[in-house]
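Student: My file is structure-v3.csv. It has CSV, N, CA, C and O atoms:
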```
chain,number,residue,atom,x,y,z
A,1179,MET,N,-21.8,7.2,-126.9
A,1179,MET,CA,-22.8,8.1,-127.3
A,1179,MET,C,-24.1,7.6,-126.7
A,1179,MET,O,-24.5,6.4,-126.8
A,1180,ALA,N,-24.9,8.6,-126.2
A,1180,ALA,CA,-26.2,8.2,-125.5
A,1180,ALA,C,-27.3,7.8,-126.6
A,1180,ALA,O,-27.3,8.3,-127.7
A,1181,ASP,N,-28.1,6.9,-126.2
A,1181,ASP,CA,-29.2,6.5,-127.0
A,1181,ASP,C,-30.2,7.7,-127.2
A,1181,ASP,O,-30.6,8.3,-126.2
A,1182,PRO,N,-30.6,8.0,-128.4
A,1182,PRO,CA,-31.5,9.2,-128.6
A,1182,PRO,C,-32.8,9.0,-127.9
A,1182,PRO,O,-33.5,10.0,-127.6
A,1183,ALA,N,-33.2,7.8,-127.6
A,1183,ALA,CA,-34.5,7.6,-126.8
A,1183,ALA,C,-34.3,8.0,-125.4
A,1183,ALA,O,-35.3,8.1,-124.7
A,1184,GLU,N,-33.1,8.3,-124.9
A,1184,GLU,CA,-32.8,8.6,-123.5
A,1184,GLU,C,-32.7,10.1,-123.4
A,1184,GLU,O,-32.4,10.6,-122.3
A,1185,ARG,N,-33.1,10.9,-124.4
A,1185,ARG,CA,-33.1,12.4,-124.3
A,1185,ARG,C,-34.1,12.9,-125.2
A,1185,ARG,O,-34.6,12.3,-126.1
A,1186,GLN,N,-34.5,14.2,-124.9
A,1186,GLN,CA,-35.5,14.9,-125.6
A,1186,GLN,C,-35.3,16.4,-125.6
A,1186,GLN,O,-34.7,16.9,-124.6
A,1187,ARG,N,-35.7,17.1,-126.6
A,1187,ARG,CA,-35.6,18.6,-126.6
A,1187,ARG,C,-36.3,19.1,-125.4
A,1187,ARG,O,-37.4,18.7,-125.0
A,1188,LEU,N,-35.7,20.1,-124.8
A,1188,LEU,CA,-36.3,20.8,-123.6
A,1188,LEU,C,-37.7,21.3,-123.8
A,1188,LEU,O,-38.6,21.1,-123.1
A,1189,ASP,N,-37.8,22.1,-124.9
A,1189,ASP,CA,-39.1,22.7,-125.2
A,1189,ASP,C,-40.2,21.6,-125.4
A,1189,ASP,O,-41.3,21.8,-125.0
A,1190,ARG,N,-39.8,20.6,-126.1
A,1190,ARG,CA,-40.8,19.5,-126.4
A,1190,ARG,C,-41.2,18.8,-125.1
A,1190,ARG,O,-42.3,18.5,-124.9
A,1191,TRP,N,-40.2,18.5,-124.2
A,1191,TRP,CA,-40.5,17.9,-122.9
A,1191,TRP,C,-41.4,18.7,-122.1
A,1191,TRP,O,-42.4,18.2,-121.5
A,1192,ILE,N,-41.2,20.0,-122.0
A,1192,ILE,CA,-42.0,20.9,-121.2
A,1192,ILE,C,-43.4,20.9,-121.7
A,1192,ILE,O,-44.4,20.9,-120.9
A,1193,TRP,N,-43.6,20.9,-123.0
A,1193,TRP,CA,-44.9,20.9,-123.6
A,1193,TRP,C,-45.6,19.6,-123.4
A,1193,TRP,O,-46.8,19.5,-123.0
A,1194,HIS,N,-44.9,18.4,-123.5
A,1194,HIS,CA,-45.5,17.1,-123.3
A,1194,HIS,C,-45.9,16.9,-121.8
A,1194,HIS,O,-46.8,16.3,-121.5
A,1195,ALA,N,-45.1,17.6,-120.9
A,1195,ALA,CA,-45.4,17.5,-119.5
A,1195,ALA,C,-46.6,18.4,-119.1
A,1195,ALA,O,-46.9,18.5,-117.9
A,1196,ARG,N,-47.1,19.1,-120.1
A,1196,ARG,CA,-48.2,20.0,-119.9
A,1196,ARG,C,-47.9,21.2,-118.9
A,1196,ARG,O,-48.8,21.6,-118.1
A,1197,VAL,N,-46.7,21.6,-118.9
A,1197,VAL,CA,-46.4,22.8,-118.0
A,1197,VAL,C,-46.9,24.1,-118.6
A,1197,VAL,O,-47.4,25.0,-117.9
A,1198,VAL,N,-46.9,24.1,-120.0
A,1198,VAL,CA,-47.5,25.2,-120.7
A,1198,VAL,C,-48.4,24.7,-121.8
A,1198,VAL,O,-48.4,23.5,-122.1
A,1199,ARG,N,-49.2,25.5,-122.4
A,1199,ARG,CA,-50.2,25.1,-123.4
A,1199,ARG,C,-49.7,24.8,-124.8
A,1199,ARG,O,-50.3,23.9,-125.5
A,1200,THR,N,-48.7,25.5,-125.2
A,1200,THR,CA,-48.2,25.3,-126.6
A,1200,THR,C,-46.7,25.1,-126.6
A,1200,THR,O,-46.0,25.5,-125.6
A,1201,ARG,N,-46.2,24.4,-127.6
A,1201,ARG,CA,-44.7,24.2,-127.7
A,1201,ARG,C,-44.0,25.6,-127.9
A,1201,ARG,O,-42.9,25.8,-127.4
A,1202,GLU,N,-44.6,26.5,-128.6
A,1202,GLU,CA,-44.0,27.8,-128.8
A,1202,GLU,C,-43.9,28.5,-127.5
A,1202,GLU,O,-42.9,29.2,-127.2
A,1203,ALA,N,-44.9,28.4,-126.6
A,1203,ALA,CA,-44.8,29.0,-125.3
A,1203,ALA,C,-43.7,28.4,-124.5
A,1203,ALA,O,-43.0,29.1,-123.7
A,1204,ALA,N,-43.5,27.1,-124.6
A,1204,ALA,CA,-42.4,26.4,-123.9
A,1204,ALA,C,-41.0,26.9,-124.4
A,1204,ALA,O,-40.1,27.2,-123.7
A,1205,ALA,N,-40.9,27.1,-125.8
A,1205,ALA,CA,-39.7,27.6,-126.3
A,1205,ALA,C,-39.4,29.1,-125.9
A,1205,ALA,O,-38.3,29.4,-125.5
A,1206,ASP,N,-40.5,29.9,-125.8
A,1206,ASP,CA,-40.3,31.3,-125.3
A,1206,ASP,C,-39.9,31.3,-123.9
A,1206,ASP,O,-39.1,32.1,-123.5
A,1207,LEU,N,-40.4,30.4,-123.1
A,1207,LEU,CA,-40.1,30.3,-121.6
A,1207,LEU,C,-38.6,30.0,-121.5
A,1207,LEU,O,-37.9,30.7,-120.7
A,1208,VAL,N,-38.1,29.1,-122.3
A,1208,VAL,CA,-36.7,28.8,-122.2
A,1208,VAL,C,-35.8,29.9,-122.7
A,1208,VAL,O,-34.8,30.3,-122.1
A,1209,ARG,N,-36.2,30.5,-123.9
A,1209,ARG,CA,-35.4,31.6,-124.4
A,1209,ARG,C,-35.3,32.8,-123.5
A,1209,ARG,O,-34.4,33.5,-123.5
A,1210,ALA,N,-36.4,33.0,-122.7
A,1210,ALA,CA,-36.4,34.1,-121.8
A,1210,ALA,C,-35.6,33.9,-120.5
A,1210,ALA,O,-35.4,34.8,-119.7
A,1211,GLY,N,-35.1,32.7,-120.4
A,1211,GLY,CA,-34.2,32.4,-119.3
A,1211,GLY,C,-34.9,32.0,-118.0
A,1211,GLY,O,-34.4,32.0,-116.9
A,1212,HIS,N,-36.2,31.5,-118.2
A,1212,HIS,CA,-37.0,31.1,-117.0
A,1212,HIS,C,-36.9,29.6,-116.6
A,1212,HIS,O,-37.6,29.1,-115.8
A,1213,VAL,N,-35.9,28.9,-117.3
A,1213,VAL,CA,-35.8,27.5,-117.0
A,1213,VAL,C,-34.3,27.2,-116.7
A,1213,VAL,O,-33.4,27.7,-117.3
A,1214,ARG,N,-34.2,26.4,-115.6
A,1214,ARG,CA,-32.8,25.9,-115.2
A,1214,ARG,C,-32.8,24.4,-115.2
A,1214,ARG,O,-33.8,23.8,-114.8
A,1215,ILE,N,-31.7,23.8,-115.6
A,1215,ILE,CA,-31.5,22.4,-115.5
A,1215,ILE,C,-30.4,22.1,-114.5
A,1215,ILE,O,-29.3,22.6,-114.7
A,1216,ASP,N,-30.7,21.4,-113.5
A,1216,ASP,CA,-29.7,21.1,-112.4
A,1216,ASP,C,-29.1,22.4,-111.9
A,1216,ASP,O,-27.8,22.5,-111.7
A,1217,GLY,N,-29.8,23.5,-111.8
A,1217,GLY,CA,-29.3,24.8,-111.3
A,1217,GLY,C,-28.7,25.7,-112.3
A,1217,GLY,O,-28.4,26.9,-112.0
A,1218,ALA,N,-28.4,25.3,-113.5
A,1218,ALA,CA,-27.8,26.1,-114.6
A,1218,ALA,C,-28.9,26.6,-115.5
A,1218,ALA,O,-29.7,25.8,-116.1
A,1219,ARG,N,-28.8,27.9,-115.7
A,1219,ARG,CA,-29.8,28.6,-116.7
A,1219,ARG,C,-29.6,28.1,-118.1
A,1219,ARG,O,-28.5,28.0,-118.5
A,1220,VAL,N,-30.7,27.8,-118.8
A,1220,VAL,CA,-30.6,27.3,-120.2
A,1220,VAL,C,-31.4,28.2,-121.0
A,1220,VAL,O,-32.5,28.6,-120.6
A,1221,THR,N,-30.9,28.6,-122.2
A,1221,THR,CA,-31.6,29.6,-123.0
A,1221,THR,C,-31.9,29.0,-124.4
A,1221,THR,O,-32.4,29.6,-125.3
A,1222,SER,N,-31.5,27.7,-124.6
A,1222,SER,CA,-31.7,27.1,-125.9
A,1222,SER,C,-32.8,26.1,-125.8
A,1222,SER,O,-32.7,25.1,-125.1
A,1223,PRO,N,-33.9,26.3,-126.6
A,1223,PRO,CA,-35.0,25.3,-126.5
A,1223,PRO,C,-34.6,23.9,-127.0
A,1223,PRO,O,-35.3,22.9,-126.7
A,1224,ALA,N,-33.6,23.8,-127.8
A,1224,ALA,CA,-33.1,22.5,-128.3
A,1224,ALA,C,-32.2,21.8,-127.4
A,1224,ALA,O,-31.8,20.7,-127.7
A,1225,HIS,N,-31.9,22.3,-126.2
A,1225,HIS,CA,-31.1,21.7,-125.2
A,1225,HIS,C,-31.7,20.3,-124.9
A,1225,HIS,O,-32.9,20.2,-124.7
A,1226,ALA,N,-30.9,19.3,-124.8
A,1226,ALA,CA,-31.4,17.9,-124.5
A,1226,ALA,C,-31.6,17.7,-123.0
A,1226,ALA,O,-30.7,18.1,-122.2
A,1227,VAL,N,-32.7,17.1,-122.7
A,1227,VAL,CA,-33.0,16.7,-121.3
A,1227,VAL,C,-32.9,15.2,-121.1
A,1227,VAL,O,-33.3,14.5,-122.0
A,1228,LYS,N,-32.3,14.8,-120.0
A,1228,LYS,CA,-32.1,13.4,-119.7
A,1228,LYS,C,-32.9,13.0,-118.5
A,1228,LYS,O,-33.1,13.9,-117.6
A,1229,PRO,N,-33.3,11.7,-118.3
A,1229,PRO,CA,-33.9,11.3,-117.1
A,1229,PRO,C,-33.0,11.6,-115.9
A,1229,PRO,O,-31.8,11.4,-115.9
A,1230,GLY,N,-33.6,12.0,-114.8
A,1230,GLY,CA,-32.9,12.3,-113.5
A,1230,GLY,C,-32.5,13.7,-113.4
A,1230,GLY,O,-32.2,14.1,-112.3
A,1231,GLN,N,-32.6,14.5,-114.4
A,1231,GLN,CA,-32.3,15.9,-114.3
A,1231,GLN,C,-33.4,16.7,-113.6
A,1231,GLN,O,-34.6,16.3,-113.7
A,1232,VAL,N,-33.1,17.7,-112.9
A,1232,VAL,CA,-34.0,18.5,-112.2
A,1232,VAL,C,-34.2,19.8,-112.9
A,1232,VAL,O,-33.3,20.6,-113.2
A,1233,LEU,N,-35.5,20.1,-113.3
A,1233,LEU,CA,-35.8,21.4,-114.0
A,1233,LEU,C,-36.5,22.3,-113.0
A,1233,LEU,O,-37.4,21.9,-112.3
A,1234,THR,N,-36.0,23.6,-113.0
A,1234,THR,CA,-36.7,24.6,-112.2
A,1234,THR,C,-37.3,25.6,-113.3
A,1234,THR,O,-36.6,26.2,-114.1
A,1235,ILE,N,-38.6,25.7,-113.2
A,1235,ILE,CA,-39.3,26.5,-114.2
A,1235,ILE,C,-40.1,27.6,-113.5
A,1235,ILE,O,-41.0,27.4,-112.7
A,1236,ALA,N,-39.7,28.9,-113.8
A,1236,ALA,CA,-40.4,30.0,-113.3
A,1236,ALA,C,-41.6,30.4,-114.1
A,1236,ALA,O,-41.4,30.8,-115.3
A,1237,LEU,N,-42.7,30.2,-113.6
A,1237,LEU,CA,-44.0,30.6,-114.3
A,1237,LEU,C,-44.5,31.9,-113.8
A,1237,LEU,O,-43.9,32.5,-112.8
A,1238,ASP,N,-45.6,32.4,-114.3
A,1238,ASP,CA,-46.1,33.7,-113.8
A,1238,ASP,C,-46.4,33.8,-112.3
A,1238,ASP,O,-46.0,34.7,-111.7
A,1239,GLN,N,-47.1,32.8,-111.8
A,1239,GLN,CA,-47.5,32.8,-110.4
A,1239,GLN,C,-46.7,32.0,-109.5
A,1239,GLN,O,-46.9,32.1,-108.3
A,1240,ARG,N,-45.9,31.1,-110.0
A,1240,ARG,CA,-45.1,30.2,-109.1
A,1240,ARG,C,-43.9,29.6,-109.8
A,1240,ARG,O,-43.7,29.7,-111.0
A,1241,VAL,N,-43.1,28.9,-109.0
A,1241,VAL,CA,-42.0,28.2,-109.5
A,1241,VAL,C,-42.2,26.7,-109.3
A,1241,VAL,O,-42.6,26.3,-108.3
A,1242,ARG,N,-42.0,25.9,-110.4
A,1242,ARG,CA,-42.2,24.5,-110.3
A,1242,ARG,C,-40.8,23.8,-110.4
A,1242,ARG,O,-40.0,24.2,-111.3
A,1243,VAL,N,-40.6,22.9,-109.6
A,1243,VAL,CA,-39.3,22.1,-109.6
A,1243,VAL,C,-39.7,20.7,-109.9
A,1243,VAL,O,-40.5,20.0,-109.2
A,1244,LEU,N,-39.2,20.2,-111.1
A,1244,LEU,CA,-39.6,18.9,-111.6
A,1244,LEU,C,-38.4,18.0,-111.9
A,1244,LEU,O,-37.4,18.5,-112.5
A,1245,ARG,N,-38.5,16.7,-111.5
A,1245,ARG,CA,-37.4,15.8,-111.8
A,1245,ARG,C,-37.9,15.0,-113.0
A,1245,ARG,O,-39.0,14.4,-113.0
A,1246,VAL,N,-37.1,15.0,-114.1
A,1246,VAL,CA,-37.5,14.2,-115.3
A,1246,VAL,C,-37.4,12.7,-115.1
A,1246,VAL,O,-36.4,12.2,-114.6
A,1247,VAL,N,-38.5,12.1,-115.3
A,1247,VAL,CA,-38.6,10.6,-115.1
A,1247,VAL,C,-38.6,9.9,-116.5
A,1247,VAL,O,-38.1,8.8,-116.6
A,1248,GLY,N,-39.3,10.5,-117.4
A,1248,GLY,CA,-39.5,9.8,-118.7
A,1248,GLY,C,-39.8,10.7,-119.8
A,1248,GLY,O,-39.9,11.9,-119.6
A,1249,PHE,N,-40.1,10.1,-121.0
A,1249,PHE,CA,-40.4,10.9,-122.2
A,1249,PHE,C,-41.7,10.3,-122.8
A,1249,PHE,O,-42.1,9.2,-122.5
A,1250,SER,N,-42.2,11.1,-123.8
A,1250,SER,CA,-43.4,10.7,-124.5
A,1250,SER,C,-43.2,11.1,-125.9
A,1250,SER,O,-42.6,12.1,-126.3
A,1251,GLU,N,-43.7,10.2,-126.8
A,1251,GLU,CA,-43.7,10.5,-128.3
A,1251,GLU,C,-44.7,11.6,-128.6
A,1251,GLU,O,-44.5,12.4,-129.6
A,1252,ARG,N,-45.8,11.6,-127.9
A,1252,ARG,CA,-46.9,12.5,-128.2
A,1252,ARG,C,-47.4,13.2,-126.9
A,1252,ARG,O,-47.2,12.6,-125.9
A,1253,ARG,N,-48.0,14.3,-127.1
A,1253,ARG,CA,-48.6,15.0,-126.0
A,1253,ARG,C,-49.9,14.4,-125.7
A,1253,ARG,O,-50.8,14.3,-126.5
A,1254,GLY,N,-50.1,13.9,-124.4
A,1254,GLY,CA,-51.3,13.3,-124.0
A,1254,GLY,C,-52.1,14.1,-123.0
A,1254,GLY,O,-51.8,15.3,-122.8
A,1255,GLY,N,-53.0,13.5,-122.3
A,1255,GLY,CA,-53.8,14.1,-121.3
A,1255,GLY,C,-52.9,14.3,-120.0
A,1255,GLY,O,-51.8,13.9,-119.9
A,1256,ALA,N,-53.6,14.9,-119.0
A,1256,ALA,CA,-52.9,15.2,-117.7
A,1256,ALA,C,-52.4,14.0,-117.0
A,1256,ALA,O,-51.3,14.0,-116.4
A,1257,THR,N,-53.1,12.9,-117.1
A,1257,THR,CA,-52.7,11.6,-116.5
A,1257,THR,C,-51.4,11.1,-117.1
A,1257,THR,O,-50.5,10.7,-116.4
A,1258,SER,N,-51.4,11.1,-118.4
A,1258,SER,CA,-50.2,10.6,-119.1
A,1258,SER,C,-49.0,11.5,-118.9
A,1258,SER,O,-47.8,11.1,-118.9
A,1259,ALA,N,-49.3,12.8,-118.8
A,1259,ALA,CA,-48.2,13.8,-118.6
A,1259,ALA,C,-47.6,13.7,-117.2
A,1259,ALA,O,-46.4,13.9,-117.0
A,1260,SER,N,-48.4,13.3,-116.2
A,1260,SER,CA,-47.9,13.3,-114.8
A,1260,SER,C,-46.9,12.1,-114.6
A,1260,SER,O,-46.2,12.2,-113.6
A,1261,VAL,N,-46.8,11.2,-115.5
A,1261,VAL,CA,-45.8,10.1,-115.3
A,1261,VAL,C,-44.5,10.5,-115.9
A,1261,VAL,O,-43.5,9.8,-115.7
A,1262,LEU,N,-44.4,11.7,-116.5
A,1262,LEU,CA,-43.1,12.1,-117.1
A,1262,LEU,C,-42.2,12.8,-116.1
A,1262,LEU,O,-41.0,13.0,-116.3
A,1263,TYR,N,-42.7,13.1,-114.9
A,1263,TYR,CA,-41.9,13.9,-113.9
A,1263,TYR,C,-42.4,13.5,-112.5
A,1263,TYR,O,-43.5,13.0,-112.3
A,1264,ASN,N,-41.5,13.9,-111.6
A,1264,ASN,CA,-41.9,13.9,-110.1
A,1264,ASN,C,-41.8,15.3,-109.7
A,1264,ASN,O,-40.8,16.0,-109.9
A,1265,GLU,N,-42.8,15.8,-109.1
A,1265,GLU,CA,-42.9,17.2,-108.5
A,1265,GLU,C,-42.0,17.2,-107.3
A,1265,GLU,O,-42.2,16.4,-106.4
A,1266,ILE,N,-41.1,18.1,-107.2
A,1266,ILE,CA,-40.3,18.3,-106.0
A,1266,ILE,C,-40.7,19.5,-105.2
A,1266,ILE,O,-40.8,20.6,-105.8
A,1267,THR,N,-41.1,19.3,-104.0
A,1267,THR,CA,-41.5,20.5,-103.2
A,1267,THR,C,-40.4,20.8,-102.2
A,1267,THR,O,-39.7,19.9,-101.6
A,1268,GLU,N,-40.2,22.1,-102.0
A,1268,GLU,CA,-39.2,22.5,-101.1
A,1268,GLU,C,-39.8,22.7,-99.7
A,1268,GLU,O,-40.9,23.2,-99.6
A,1269,SER,N,-39.0,22.4,-98.7
A,1269,SER,CA,-39.6,22.5,-97.3
A,1269,SER,C,-39.3,23.9,-96.7
A,1269,SER,O,-38.5,24.6,-97.2
```
Do you think you could lay out the structure here as structure tokens?

Tutor:
Amino acid sequence: MADPAERQRLDRWIWHARVVRTREAAADLVRAGHVRIDGARVTSPAHAVKPGQVLTIALDQRVRVLRVVGFSERRGGATSASVLYNEITES
């Protein structure tokens, strides 16, 4: 069984990574089907995210592709949020 410190709820991770402003907005984004993990659509905000997974998040104006690098216990500033992921750009 995986160590609980090696995974985090999807909505919580999206919120901690400052992709959206509120955790409720993160949960709504997931429920609406705008988030994919490793290419598979996810509709449960409680879905566990692990390091190394790739999230594709469809926002209003653009699509962000992020590789999960780490987790945070609390939501911090933009600098601390940027260490949670690597932005993947498509060529």

Student: Could you pull the residues within 7 Å of Val1213 in chain A, counting all atoms listed in the file, minus those fewer than 5 positions along the same chain, as a ChimeraX atom specification?

Tutor: /A:1207-1208,1218-1221,1233-1236

Student: Using only C-alpha atoms, which of A:Ala1203, A:Val1227, A:Ile1215, A:Leu1237 sits nearest Arg1187 in chain A?

Tutor: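 Closest to Arg1187 in chain A of all the choices is A:Val1227.
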
Student: Please provide as a ChimeraX atom specification all residues within 5 Å of range 1260-1263 of chain A, with the sequence filter that same-chain residues fewer than 4 positions apart are discarded (counting only N, CA, C and O atoms).

Tutor: /A:1245-1248,1256

Student: Using only C-alpha atoms, pick whichever of A:Ala1226, A:Glu1265, A:Val1241, A:Gly1255 has the shortest atom-to-atom distance to Gln1186 in chain A.

Tutor: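 Ranking A:Ala1226, A:Glu1265, A:Val1241, A:Gly1255 by distance to Gln1186 in chain A, first place goes to A:Ala1226.
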
Student: DSSP on the backbone: what in range 1206-1265 of chain A comes out strand (DSSP E), as a PDB file with N, CA, C and O atoms, keeping the file's coordinate frame?

Tutor:
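Result saved to out.pdb:
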```
ATOM      1  N   VAL A1213     -35.900  28.900-117.300  1.00  0.00           N
ATOM      2  CA  VAL A1213     -35.800  27.500-117.000  1.00  0.00           C
ATOM      3  C   VAL A1213     -34.300  27.200-116.700  1.00  0.00           C
ATOM      4  O   VAL A1213     -33.400  27.700-117.300  1.00  0.00           O
ATOM      5  N   ARG A1214     -34.200  26.400-115.600  1.00  0.00           N
ATOM      6  CA  ARG A1214     -32.800  25.900-115.200  1.00  0.00           C
ATOM      7  C   ARG A1214     -32.800  24.400-115.200  1.00  0.00           C
ATOM      8  O   ARG A1214     -33.800  23.800-114.800  1.00  0.00           O
ATOM      9  N   ILE A1215     -31.700  23.800-115.600  1.00  0.00           N
ATOM     10  CA  ILE A1215     -31.500  22.400-115.500  1.00  0.00           C
ATOM     11  C   ILE A1215     -30.400  22.100-114.500  1.00  0.00           C
ATOM     12  O   ILE A1215     -29.300  22.600-114.700  1.00  0.00           O
ATOM     13  N   ALA A1218     -28.400  25.300-113.500  1.00  0.00           N
ATOM     14  CA  ALA A1218     -27.800  26.100-114.600  1.00  0.00           C
ATOM     15  C   ALA A1218     -28.900  26.600-115.500  1.00  0.00           C
ATOM     16  O   ALA A1218     -29.700  25.800-116.100  1.00  0.00           O
ATOM     17  N   ARG A1219     -28.800  27.900-115.700  1.00  0.00           N
ATOM     18  CA  ARG A1219     -29.800  28.600-116.700  1.00  0.00           C
ATOM     19  C   ARG A1219     -29.600  28.100-118.100  1.00  0.00           C
ATOM     20  O   ARG A1219     -28.500  28.000-118.500  1.00  0.00           O
ATOM     21  N   VAL A1220     -30.700  27.800-118.800  1.00  0.00           N
ATOM     22  CA  VAL A1220     -30.600  27.300-120.200  1.00  0.00           C
ATOM     23  C   VAL A1220     -31.400  28.200-121.000  1.00  0.00           C
ATOM     24  O   VAL A1220     -32.500  28.600-120.600  1.00  0.00           O
ATOM     25  N   ALA A1226     -30.900  19.300-124.800  1.00  0.00           N
ATOM     26  CA  ALA A1226     -31.400  17.900-124.500  1.00  0.00           C
ATOM     27  C   ALA A1226     -31.600  17.700-123.000  1.00  0.00           C
ATOM     28  O   ALA A1226     -30.700  18.100-122.200  1.00  0.00           O
ATOM     29  N   VAL A1227     -32.700  17.100-122.700  1.00  0.00           N
ATOM     30  CA  VAL A1227     -33.000  16.700-121.300  1.00  0.00           C
ATOM     31  C   VAL A1227     -32.900  15.200-121.100  1.00  0.00           C
ATOM     32  O   VAL A1227     -33.300  14.500-122.000  1.00  0.00           O
ATOM     33  N   VAL A1232     -33.100  17.700-112.900  1.00  0.00           N
ATOM     34  CA  VAL A1232     -34.000  18.500-112.200  1.00  0.00           C
ATOM     35  C   VAL A1232     -34.200  19.800-112.900  1.00  0.00           C
ATOM     36  O   VAL A1232     -33.300  20.600-113.200  1.00  0.00           O
ATOM     37  N   LEU A1233     -35.500  20.100-113.300  1.00  0.00           N
ATOM     38  CA  LEU A1233     -35.800  21.400-114.000  1.00  0.00           C
ATOM     39  C   LEU A1233     -36.500  22.300-113.000  1.00  0.00           C
ATOM     40  O   LEU A1233     -37.400  21.900-112.300  1.00  0.00           O
ATOM     41  N   THR A1234     -36.000  23.600-113.000  1.00  0.00           N
ATOM     42  CA  THR A1234     -36.700  24.600-112.200  1.00  0.00           C
ATOM     43  C   THR A1234     -37.300  25.600-113.300  1.00  0.00           C
ATOM     44  O   THR A1234     -36.600  26.200-114.100  1.00  0.00           O
ATOM     45  N   ILE A1235     -38.600  25.700-113.200  1.00  0.00           N
ATOM     46  CA  ILE A1235     -39.300  26.500-114.200  1.00  0.00           C
ATOM     47  C   ILE A1235     -40.100  27.600-113.500  1.00  0.00           C
ATOM     48  O   ILE A1235     -41.000  27.400-112.700  1.00  0.00           O
ATOM     49  N   ALA A1236     -39.700  28.900-113.800  1.00  0.00           N
ATOM     50  CA  ALA A1236     -40.400  30.000-113.300  1.00  0.00           C
ATOM     51  C   ALA A1236     -41.600  30.400-114.100  1.00  0.00           C
ATOM     52  O   ALA A1236     -41.400  30.800-115.300  1.00  0.00           O
ATOM     53  N   VAL A1241     -43.100  28.900-109.000  1.00  0.00           N
ATOM     54  CA  VAL A1241     -42.000  28.200-109.500  1.00  0.00           C
ATOM     55  C   VAL A1241     -42.200  26.700-109.300  1.00  0.00           C
ATOM     56  O   VAL A1241     -42.600  26.300-108.300  1.00  0.00           O
ATOM     57  N   ARG A1242     -42.000  25.900-110.400  1.00  0.00           N
ATOM     58  CA  ARG A1242     -42.200  24.500-110.300  1.00  0.00           C
ATOM     59  C   ARG A1242     -40.800  23.800-110.400  1.00  0.00           C
ATOM     60  O   ARG A1242     -40.000  24.200-111.300  1.00  0.00           O
ATOM     61  N   VAL A1243     -40.600  22.900-109.600  1.00  0.00           N
ATOM     62  CA  VAL A1243     -39.300  22.100-109.600  1.00  0.00           C
ATOM     63  C   VAL A1243     -39.700  20.700-109.900  1.00  0.00           C
ATOM     64  O   VAL A1243     -40.500  20.000-109.200  1.00  0.00           O
ATOM     65  N   LEU A1244     -39.200  20.200-111.100  1.00  0.00           N
ATOM     66  CA  LEU A1244     -39.600  18.900-111.600  1.00  0.00           C
ATOM     67  C   LEU A1244     -38.400  18.000-111.900  1.00  0.00           C
ATOM     68  O   LEU A1244     -37.400  18.500-112.500  1.00  0.00           O
ATOM     69  N   ARG A1245     -38.500  16.700-111.500  1.00  0.00           N
ATOM     70  CA  ARG A1245     -37.400  15.800-111.800  1.00  0.00           C
ATOM     71  C   ARG A1245     -37.900  15.000-113.000  1.00  0.00           C
ATOM     72  O   ARG A1245     -39.000  14.400-113.000  1.00  0.00           O
ATOM     73  N   VAL A1246     -37.100  15.000-114.100  1.00  0.00           N
ATOM     74  CA  VAL A1246     -37.500  14.200-115.300  1.00  0.00           C
ATOM     75  C   VAL A1246     -37.400  12.700-115.100  1.00  0.00           C
ATOM     76  O   VAL A1246     -36.400  12.200-114.600  1.00  0.00           O
ATOM     77  N   TYR A1263     -42.700  13.100-114.900  1.00  0.00           N
ATOM     78  CA  TYR A1263     -41.900  13.900-113.900  1.00  0.00           C
ATOM     79  C   TYR A1263     -42.400  13.500-112.500  1.00  0.00           C
ATOM     80  O   TYR A1263     -43.500  13.000-112.300  1.00  0.00           O
ATOM     81  N   ASN A1264     -41.500  13.900-111.600  1.00  0.00           N
ATOM     82  CA  ASN A1264     -41.900  13.900-110.100  1.00  0.00           C
ATOM     83  C   ASN A1264     -41.800  15.300-109.700  1.00  0.00           C
ATOM     84  O   ASN A1264     -40.800  16.000-109.900  1.00  0.00           O
ATOM     85  N   GLU A1265     -42.800  15.800-109.100  1.00  0.00           N
ATOM     86  CA  GLU A1265     -42.900  17.200-108.500  1.00  0.00           C
ATOM     87  C   GLU A1265     -42.000  17.200-107.300  1.00  0.00           C
ATOM     88  O   GLU A1265     -42.200  16.400-106.400  1.00  0.00           O
TER      89      GLU A1265
END
```

Student: For atom N of Ala1204 in chain A and atom O of Asp1216 in chain A, determine how far apart the two atoms are, in Å to one decimal place.

Tutor: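 That distance, rounded to one decimal, is 20.8 Å.
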
Student: Would you mind writing down, as a count of residues only, each residue of range 1180-1268 of chain A that DSSP on the backbone assigns to helix (DSSP H, G or I)?

Tutor: 24

Student: Skipping near chain neighbours, those fewer than 4 positions away, what residues fall within 8 Å of Gly1254 in chain A using only N, CA, C and O atoms, listed as a PyMOL selection string?

Tutor: chain A and resi 1193-1196+1250+1258-1260

Student: Report, in Å with one decimal, the straight-line distance from atom C of Arg1242 in chain A to atom N of Arg1199 in chain A.

Tutor: 14.7 Å

Student: Just the number, please: distance in Å from atom C of Thr1200 in chain A to atom O of His1212 in chain A, one decimal.

Tutor: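 Here the two named atoms are 14.7 Å from each other.
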
Student: Give me the residues within 7 Å of Ala1205 in chain A as JSON, numbers by chain, counting only N, CA, C and O atoms and dropping any in the same chain fewer than 4 places off.

Tutor: {"A": [1188, 1189, 1190, 1200, 1201, 1209, 1210, 1211, 1221, 1222, 1223]}

Student: Which one is closest to Gly1230 in chain A: A:Leu1244, A:Glu1202, A:Gly1217, A:Glu1251? Count only C-alpha atoms.

Tutor: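 Between A:Leu1244, A:Glu1202, A:Gly1217, A:Glu1251, the residue approaching Gly1230 in chain A most closely is A:Leu1244.
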